[in-house]
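> Input structure: model22.cif, which contains mmCIF, C-alpha atoms.
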data_query
loop_
_atom_site.label_atom_id
_atom_site.label_comp_id
_atom_site.auth_asym_id
_atom_site.auth_seq_id
_atom_site.Cartn_x
_atom_site.Cartn_y
_atom_site.Cartn_z
CA MET A 1 -7.58 8.06 -10.24
CA ARG A 2 -6.18 7.95 -6.70
CA ILE A 3 -2.67 6.58 -6.27
CA ILE A 4 -1.90 5.44 -2.72
CA ALA A 5 1.37 4.07 -1.32
CA ILE A 6 1.09 1.77 1.68
CA THR A 7 4.35 1.84 3.58
CA ASN A 8 6.14 1.41 6.88
CA GLN A 9 9.81 0.46 7.23
CA LYS A 10 8.95 -1.81 10.15
CA GLY A 11 7.92 -5.32 9.16
CA GLY A 12 4.96 -7.09 10.70
CA CYS A 13 2.77 -3.99 11.01
CA GLY A 14 0.06 -5.21 8.64
CA LYS A 15 1.34 -3.40 5.56
CA THR A 16 0.84 -6.18 3.00
CA THR A 17 -2.33 -7.43 4.70
CA THR A 18 -3.71 -3.91 4.37
CA ALA A 19 -2.60 -3.51 0.75
CA VAL A 20 -4.23 -6.77 -0.34
CA ASN A 21 -7.46 -6.55 1.63
CA LEU A 22 -8.02 -2.82 1.14
CA ALA A 23 -7.65 -3.36 -2.61
CA ALA A 24 -10.15 -6.22 -2.45
CA SER A 25 -12.55 -4.17 -0.35
CA LEU A 26 -12.43 -1.19 -2.71
CA ALA A 27 -13.18 -3.60 -5.56
CA THR A 28 -16.08 -5.04 -3.55
CA ASN A 29 -17.38 -1.47 -3.32
CA GLY A 30 -17.47 -1.16 -7.10
CA ARG A 31 -14.10 0.51 -7.67
CA ARG A 32 -11.61 -0.80 -10.23
CA VAL A 33 -8.33 -1.37 -8.42
CA LEU A 34 -4.73 -2.18 -9.36
CA LEU A 35 -2.34 -3.33 -6.64
CA ILE A 36 1.35 -2.91 -7.51
CA ASP A 37 3.59 -5.20 -5.46
CA LEU A 38 6.82 -3.20 -5.01
CA ASP A 39 8.24 -5.47 -2.31
CA PRO A 40 10.96 -7.88 -3.55
CA GLN A 41 9.73 -10.34 -0.89
CA SER A 42 6.58 -10.55 -3.04
CA HIS A 43 4.27 -11.25 -0.10
CA ALA A 44 1.24 -9.66 -1.79
CA THR A 45 1.89 -11.69 -4.96
CA LEU A 46 2.47 -14.94 -3.07
CA GLY A 47 -0.40 -14.24 -0.67
CA LEU A 48 -2.79 -14.09 -3.64
CA ASN A 49 -1.33 -17.23 -5.22
CA ILE A 50 -0.22 -15.30 -8.31
CA LYS A 51 2.43 -16.91 -10.52
CA SER A 52 3.93 -14.99 -13.42
CA PRO A 53 7.23 -15.09 -15.35
CA LEU A 54 7.14 -11.29 -15.59
CA SER A 55 7.02 -8.78 -12.74
CA ILE A 56 7.22 -5.08 -11.99
CA TYR A 57 11.00 -5.48 -12.36
CA ASN A 58 10.53 -6.02 -16.12
CA VAL A 59 8.68 -2.71 -16.24
CA LEU A 60 11.01 -0.54 -14.17
CA SER A 61 14.43 -1.94 -15.07
CA LYS A 62 16.36 -0.92 -18.18
CA MET A 63 18.56 -4.00 -17.75
CA ALA A 64 15.77 -6.59 -17.69
CA HIS A 65 16.23 -9.42 -20.19
CA GLN A 66 12.59 -8.92 -21.24
CA LYS A 67 11.46 -5.30 -21.04
CA VAL A 68 7.66 -4.84 -21.03
CA LYS A 69 4.98 -2.26 -20.30
CA LEU A 70 2.94 -2.26 -17.12
CA ASP A 71 -0.22 -3.57 -18.79
CA ASN A 72 1.73 -6.65 -20.00
CA ILE A 73 2.30 -7.97 -16.46
CA ILE A 74 -1.11 -7.30 -14.88
CA GLN A 75 -2.91 -10.36 -13.53
CA ASN A 76 -6.56 -10.52 -12.47
CA VAL A 77 -7.24 -11.52 -8.86
CA SER A 78 -11.04 -11.18 -8.65
CA PRO A 79 -13.70 -8.92 -10.21
CA ASP A 80 -12.37 -5.32 -10.46
CA PHE A 81 -9.14 -6.28 -8.63
CA ASP A 82 -5.87 -6.70 -10.56
CA ILE A 83 -2.26 -7.02 -9.43
CA ALA A 84 1.12 -6.13 -10.94
CA PRO A 85 3.24 -8.88 -9.37
CA SER A 86 6.70 -8.68 -7.85
CA SER A 87 9.68 -11.03 -7.81
CA ILE A 88 12.93 -11.40 -5.88
CA ILE A 89 14.95 -9.90 -8.75
CA LEU A 90 13.33 -6.55 -7.94
CA SER A 91 15.85 -6.35 -5.07
CA THR A 92 18.58 -5.59 -7.65
CA LEU A 93 16.80 -2.49 -8.95
CA GLU A 94 18.15 -0.21 -6.22
CA GLN A 95 21.72 -0.95 -7.33
CA GLU A 96 20.78 -0.54 -11.01
CA LEU A 97 19.28 2.90 -10.38
CA ALA A 98 22.06 4.10 -8.05
CA GLY A 99 23.80 6.31 -10.60
CA GLU A 100 20.83 7.36 -12.68
CA ILE A 101 19.45 10.89 -12.83
CA GLY A 102 15.76 10.95 -11.93
CA ARG A 103 15.91 7.47 -10.38
CA GLU A 104 13.28 8.43 -7.80
CA SER A 105 10.74 9.13 -10.59
CA ARG A 106 10.91 5.87 -12.57
CA LEU A 107 7.54 4.59 -11.28
CA TRP A 108 5.94 8.04 -11.59
CA GLU A 109 6.94 8.15 -15.27
CA THR A 110 5.55 4.64 -15.79
CA LEU A 111 2.18 5.53 -14.29
CA ASN A 112 2.04 8.80 -16.23
CA ASN A 113 2.25 6.78 -19.46
CA PHE A 114 -0.18 4.12 -18.25
CA GLN A 115 -3.35 4.11 -20.35
CA GLU A 116 -5.51 1.61 -18.44
CA HIS A 117 -8.30 3.09 -16.34
CA TYR A 118 -8.41 2.33 -12.63
CA ASP A 119 -10.18 4.20 -9.87
CA TYR A 120 -7.37 3.30 -7.44
CA ILE A 121 -3.77 2.22 -7.73
CA LEU A 122 -2.38 0.89 -4.44
CA MET A 123 1.32 0.15 -3.93
CA ASP A 124 2.68 -2.30 -1.36
CA CYS A 125 6.14 -0.98 -0.49
CA PRO A 126 9.15 -2.88 0.90
CA PRO A 127 9.82 -2.57 4.67
CA ASN A 128 12.60 0.00 4.25
CA LEU A 129 13.16 3.57 3.07
CA GLY A 130 15.11 2.70 -0.08
CA ILE A 131 14.64 3.77 -3.69
CA LEU A 132 11.56 1.59 -4.26
CA THR A 133 9.73 3.25 -1.38
CA ILE A 134 10.88 6.68 -2.57
CA ASN A 135 9.55 5.83 -6.05
CA ALA A 136 6.18 4.87 -4.56
CA ILE A 137 5.90 8.07 -2.53
CA ARG A 138 6.91 10.11 -5.59
CA ALA A 139 4.24 8.41 -7.71
CA ALA A 140 1.50 8.66 -5.07
CA SER A 141 -0.71 11.52 -3.99
CA GLU A 142 -1.53 9.77 -0.71
CA VAL A 143 0.38 7.56 1.73
CA ILE A 144 -1.17 5.15 4.22
CA ILE A 145 1.10 4.22 7.14
CA PRO A 146 -0.09 1.12 9.02
CA VAL A 147 1.16 1.01 12.61
CA GLU A 148 0.66 -1.34 15.52
CA ALA A 149 -0.24 -0.02 18.95
CA SER A 150 3.26 -0.88 20.15
CA ARG A 151 6.31 1.12 21.14
CA PHE A 152 8.59 -0.35 18.45
CA SER A 153 6.07 0.27 15.68
CA LEU A 154 5.94 3.95 16.58
CA GLU A 155 9.66 4.58 16.93
CA GLY A 156 10.42 4.74 13.20
CA LEU A 157 7.32 6.70 12.30
CA ASP A 158 8.95 10.15 12.51
CA GLN A 159 11.66 9.08 10.07
CA LEU A 160 9.11 7.84 7.54
CA ILE A 161 7.08 11.05 7.82
CA SER A 162 10.29 13.02 7.26
CA ILE A 163 10.86 11.10 4.02
CA VAL A 164 7.30 11.84 2.87
CA ASN A 165 7.83 15.53 3.58
CA LEU A 166 11.26 15.46 1.87
CA VAL A 167 9.77 14.02 -1.32
CA ARG A 168 7.05 16.67 -1.19
CA ASP A 169 9.51 19.55 -0.72
CA ARG A 170 12.46 18.46 -2.89
CA LEU A 171 10.40 17.26 -5.84
CA ASN A 172 7.62 19.82 -5.48
CA HIS A 173 5.17 16.95 -5.29
CA GLU A 174 2.06 17.25 -3.16
CA VAL A 175 1.54 14.12 -1.10
CA SER A 176 -0.43 13.63 2.10
CA PHE A 177 -0.23 10.86 4.66
CA ARG A 178 -2.61 9.19 7.11
CA VAL A 179 -1.91 6.70 9.87
CA LEU A 180 -3.85 3.44 10.14
CA VAL A 181 -3.87 1.47 13.39
CA ALA A 182 -3.58 -2.21 12.43
CA ASN A 183 -3.12 -5.51 14.30
CA PHE A 184 -4.97 -3.93 17.23
CA ASP A 185 -5.41 -6.34 20.14
CA SER A 186 -8.38 -5.13 22.18
CA ARG A 187 -7.64 -7.70 24.90
CA LEU A 188 -4.59 -5.73 26.07
CA ALA A 189 -4.83 -2.61 28.22
CA HIS A 190 -1.43 -1.61 26.82
CA SER A 191 -2.96 -1.41 23.33
CA PHE A 192 -5.49 1.19 24.46
CA LYS A 193 -2.77 3.21 26.19
CA LEU A 194 -0.72 3.42 23.00
CA LEU A 195 -3.84 4.04 20.92
CA GLY A 196 -4.44 7.11 23.05
CA LYS A 197 -0.91 8.32 22.31
CA ILE A 198 -1.37 7.75 18.57
CA LYS A 199 -4.64 9.70 18.62
CA ALA A 200 -3.00 12.56 20.52
CA ASP A 201 0.01 12.67 18.20
CA PHE A 202 -1.78 12.43 14.86
CA LYS A 203 -5.34 13.66 15.44
CA ASP A 204 -6.68 14.57 11.96
CA ARG A 205 -4.00 12.41 10.30
CA LEU A 206 -5.51 9.23 11.73
CA PHE A 207 -8.11 6.95 10.12
CA SER A 208 -11.14 6.59 12.36
CA ASN A 209 -11.36 2.88 11.52
CA ILE A 210 -9.06 0.38 13.21
CA ILE A 211 -7.96 -3.03 11.92
CA HIS A 212 -8.26 -5.53 14.77
CA VAL A 213 -6.27 -8.72 15.22
CA ASN A 214 -8.16 -11.47 13.41
CA VAL A 215 -6.79 -14.94 12.71
CA LYS A 216 -8.90 -15.18 9.56
CA LEU A 217 -6.67 -12.58 7.89
CA LYS A 218 -3.64 -14.85 8.27
CA GLU A 219 -5.61 -17.91 7.27
CA ALA A 220 -6.73 -16.18 4.08
CA GLN A 221 -3.14 -15.29 3.19
CA ASN A 222 -2.04 -18.88 3.81
CA GLN A 223 -4.78 -20.05 1.45
CA GLY A 224 -3.69 -17.60 -1.28
CA ALA A 225 -6.84 -15.52 -1.05
CA HIS A 226 -7.98 -12.08 0.10
CA ILE A 227 -10.36 -11.95 3.04
CA PHE A 228 -13.51 -11.33 0.97
CA ASP A 229 -13.01 -14.57 -0.94
CA PHE A 230 -12.04 -16.45 2.22
CA ASP A 231 -14.54 -15.29 4.86
CA LYS A 232 -16.43 -12.10 4.04
CA TYR A 233 -18.35 -12.19 7.34
CA CYS A 234 -15.37 -12.26 9.73
CA ARG A 235 -14.21 -9.26 11.75
CA GLY A 236 -11.19 -8.69 9.51
CA ALA A 237 -13.43 -8.38 6.44
CA LYS A 238 -15.74 -5.97 8.26
CA ASP A 239 -12.78 -3.82 9.37
CA TYR A 240 -11.38 -3.53 5.84
CA PHE A 241 -14.84 -2.91 4.39
CA SER A 242 -15.29 0.00 6.83
CA LEU A 243 -11.83 1.34 5.97
CA ALA A 244 -12.67 1.25 2.26
CA ARG A 245 -15.90 3.13 2.90
CA GLU A 246 -13.98 5.78 4.85
CA ILE A 247 -11.60 6.20 1.90
CA ILE A 248 -14.42 6.27 -0.65
CA ILE A 249 -16.22 8.99 1.31
CA GLN A 250 -13.14 11.20 0.69
CA GLU A 251 -13.77 11.04 -3.08
CA LYS A 252 -16.43 13.77 -2.90
CA HIS A 253 -14.09 16.04 -0.96
CA LEU A 254 -11.26 15.42 -3.48
CA CYS A 255 -13.57 16.27 -6.36
CA ARG A 256 -14.33 19.63 -4.77
CA THR A 257 -10.67 20.54 -4.14
#
Just give me the structure as structure tokens.

Amino acid sequence: MRIIAITNQKGGCGKTTTAVNLAASLATNGRRVLLIDLDPQSHATLGLNIKSPLSIYNVLSKMAHQKVKLDNIIQNVSPDFDIAPSSIILSTLEQELAGEIGRESRLWETLNNFQEHYDYILMDCPPNLGILTINAIRAASEVIIPVEASRFSLEGLDQLISIVNLVRDRLNHEVSFRVLVANFDSRLAHSFKLLGKIKADFKDRLFSNIIHVNVKLKEAQNQGAHIFDFDKYCRGAKDYFSLAREIIIQEKHLCRT
């Protein structure tokens, strides 16, 4: 099972869009996928039209009125694609965990005791570097960092990479990261200039596939659907299908290492 955190502290970089549609694409490719919505804004949950009285808060919090296990909150989205929904109350968890020993490992412990079989667990992180994001990085073996080909999207990238490396070193936890160029507007010369910089800076840490700007991705979210249920022939669907194939190809390499 591969556990992948999808994170960037900058909002609007395609983080949730990537989490939802990559999960759907992996499922379309015959993999069983669980998406954990760790963002209190609940955009992945809302964007898939999921309604549930229980959320990941009820799993991670010791103060929740109704404490449950992870498998009690899982909702099915489409064949081979499930979600563990979020809710606004998750925003209180950081304060709850503030004084606890091992607070950065709460999600890791939950997944260690999780008996359901999935090929992939993806985690949509909040747009900050707080305890929920730290928990996701601690639980993951891989991190995907979606970035736009824009100056502001790149400015916080070094800080996020430092956090990934800090989790790896302080907790003796091996975790790798790769950068994904998302929301790429091929109509702008400026986009290609910054793409060149990203390629120079990250080289082998960069996905070869790029997610282009496509209005169908937003339309799907507004309709409460992932792109493969909304319009599987649009450019956005093709981009995420190619990204999923690139990730699946790595499975053979991971089996050998």
> If the PyMOL selection byres ((chain A and resi 128) around 12) is run on the structure shown, which residues does it catch, given as a PyMOL selection string?
chain A and resi 6-11+15+38-41+91+94+124-127+129-134+136+156-157+159-160+163
> Nearest to Ile36 (chain A) among A:Met123, A:Ile3, A:Ile88, A:Ala98, with distances taken over only C-alpha atoms: which residue is it?
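Ranking A:Met123, A:Ile3, A:Ile88, A:Ala98 by distance to Ile36 (chain A), first place goes to A:Met123.
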> When distances are computed from only C-alpha atoms, which of A:Thr45, A:Ala5, A:Asn209, A:Thr17 shows the smallest separation from Val175 (chain A)?
A:Ala5
> Which residues match the PyMOL selection byres ((chain A and resi 193-196) around 8) in the file above, as a ChimeraX atom specification?
/A:149-151,181,189-192,197-200
> Would you write out, as CSV, a table of all residues in region 33-78 of chain A that have an atom no more than 6 Å from an atom of region 216-235 of chain A, listing for each the closest atom pair and the distance in Å to one decimal, considering all atoms listed in the file and ordering rows by chain and rising residue number?

residue,atom,partner,partner_atom,distance
A:Gly47,CA,A:Gly224,CA,4.7
A:Leu48,CA,A:Gly224,CA,4.3
A:Asn49,CA,A:Gly224,CA,4.6
> Could you tell me which of A:Arg170, A:Arg187, A:Lys67, A:His43 comes closest to Thr18 (chain A) if we count only C-alpha atoms?
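The closest residue to Thr18 (chain A) is A:His43.
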> Quote the spacing between CA of Asp201 (chain A) and CA of Ile161 (chain A) in Å to one decimal place.
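Distance reported for this atom pair: 12.7 Å.
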> Please measure the separation of CA of Tyr57 (chain A) and CA of Glu116 (chain A), giving the value in Å to one decimal.
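Interatomic distance, CA of Tyr57 (chain A) to CA of Glu116 (chain A): 19.0 Å.
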> Report, in Å with one decimal, the straight-line distance from CA of Arg106 (chain A) to CA of Leu26 (chain A).
26.3 Å
> Given the PyMOL selection byres ((chain A and resi 117) around 12) and the file above, list the residues it selects as a PyMOL selection string.
chain A and resi 1-2+31-34+71+80+82+111-116+118-121
> Ranking A:Ser42, A:Ile248, A:Lys203, A:Asn183 by minimum distance to Gly236 (chain A) and counting all atoms listed in the file, which one comes first?
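Looking only at the distances to Gly236 (chain A), the closest residue turns out to be A:Asn183.
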> Around the point (4.1, 10.4, -3.7) (coordinates from the file), which residues reach within 10 Å if we count all atoms listed in the file? Answer as a list of chain:residue names.
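Counting all atoms listed in the file, I find these residues within 10 Å of (4.1, 10.4, -3.7): A:Ile3, A:Ile4, A:Ala5, A:Ser105, A:Trp108, A:Thr133, A:Ile134, A:Asn135, A:Ala136, A:Ile137, A:Arg138, A:Ala139, A:Ala140, A:Ser141, A:Glu142, A:Val143, A:Val164, A:Asn165, A:Val167, A:Arg168, A:Leu171, A:His173, A:Glu174, A:Val175, A:Ser176, A:Phe177.
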> Rank A:Gln66, A:Asn58, A:Gln75, A:Thr110 by their smallest atom-to-atom distance to Thr92 (chain A), using all atoms listed in the file, and report the top residue only.
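Selected residue with least distance to Thr92 (chain A): A:Asn58.
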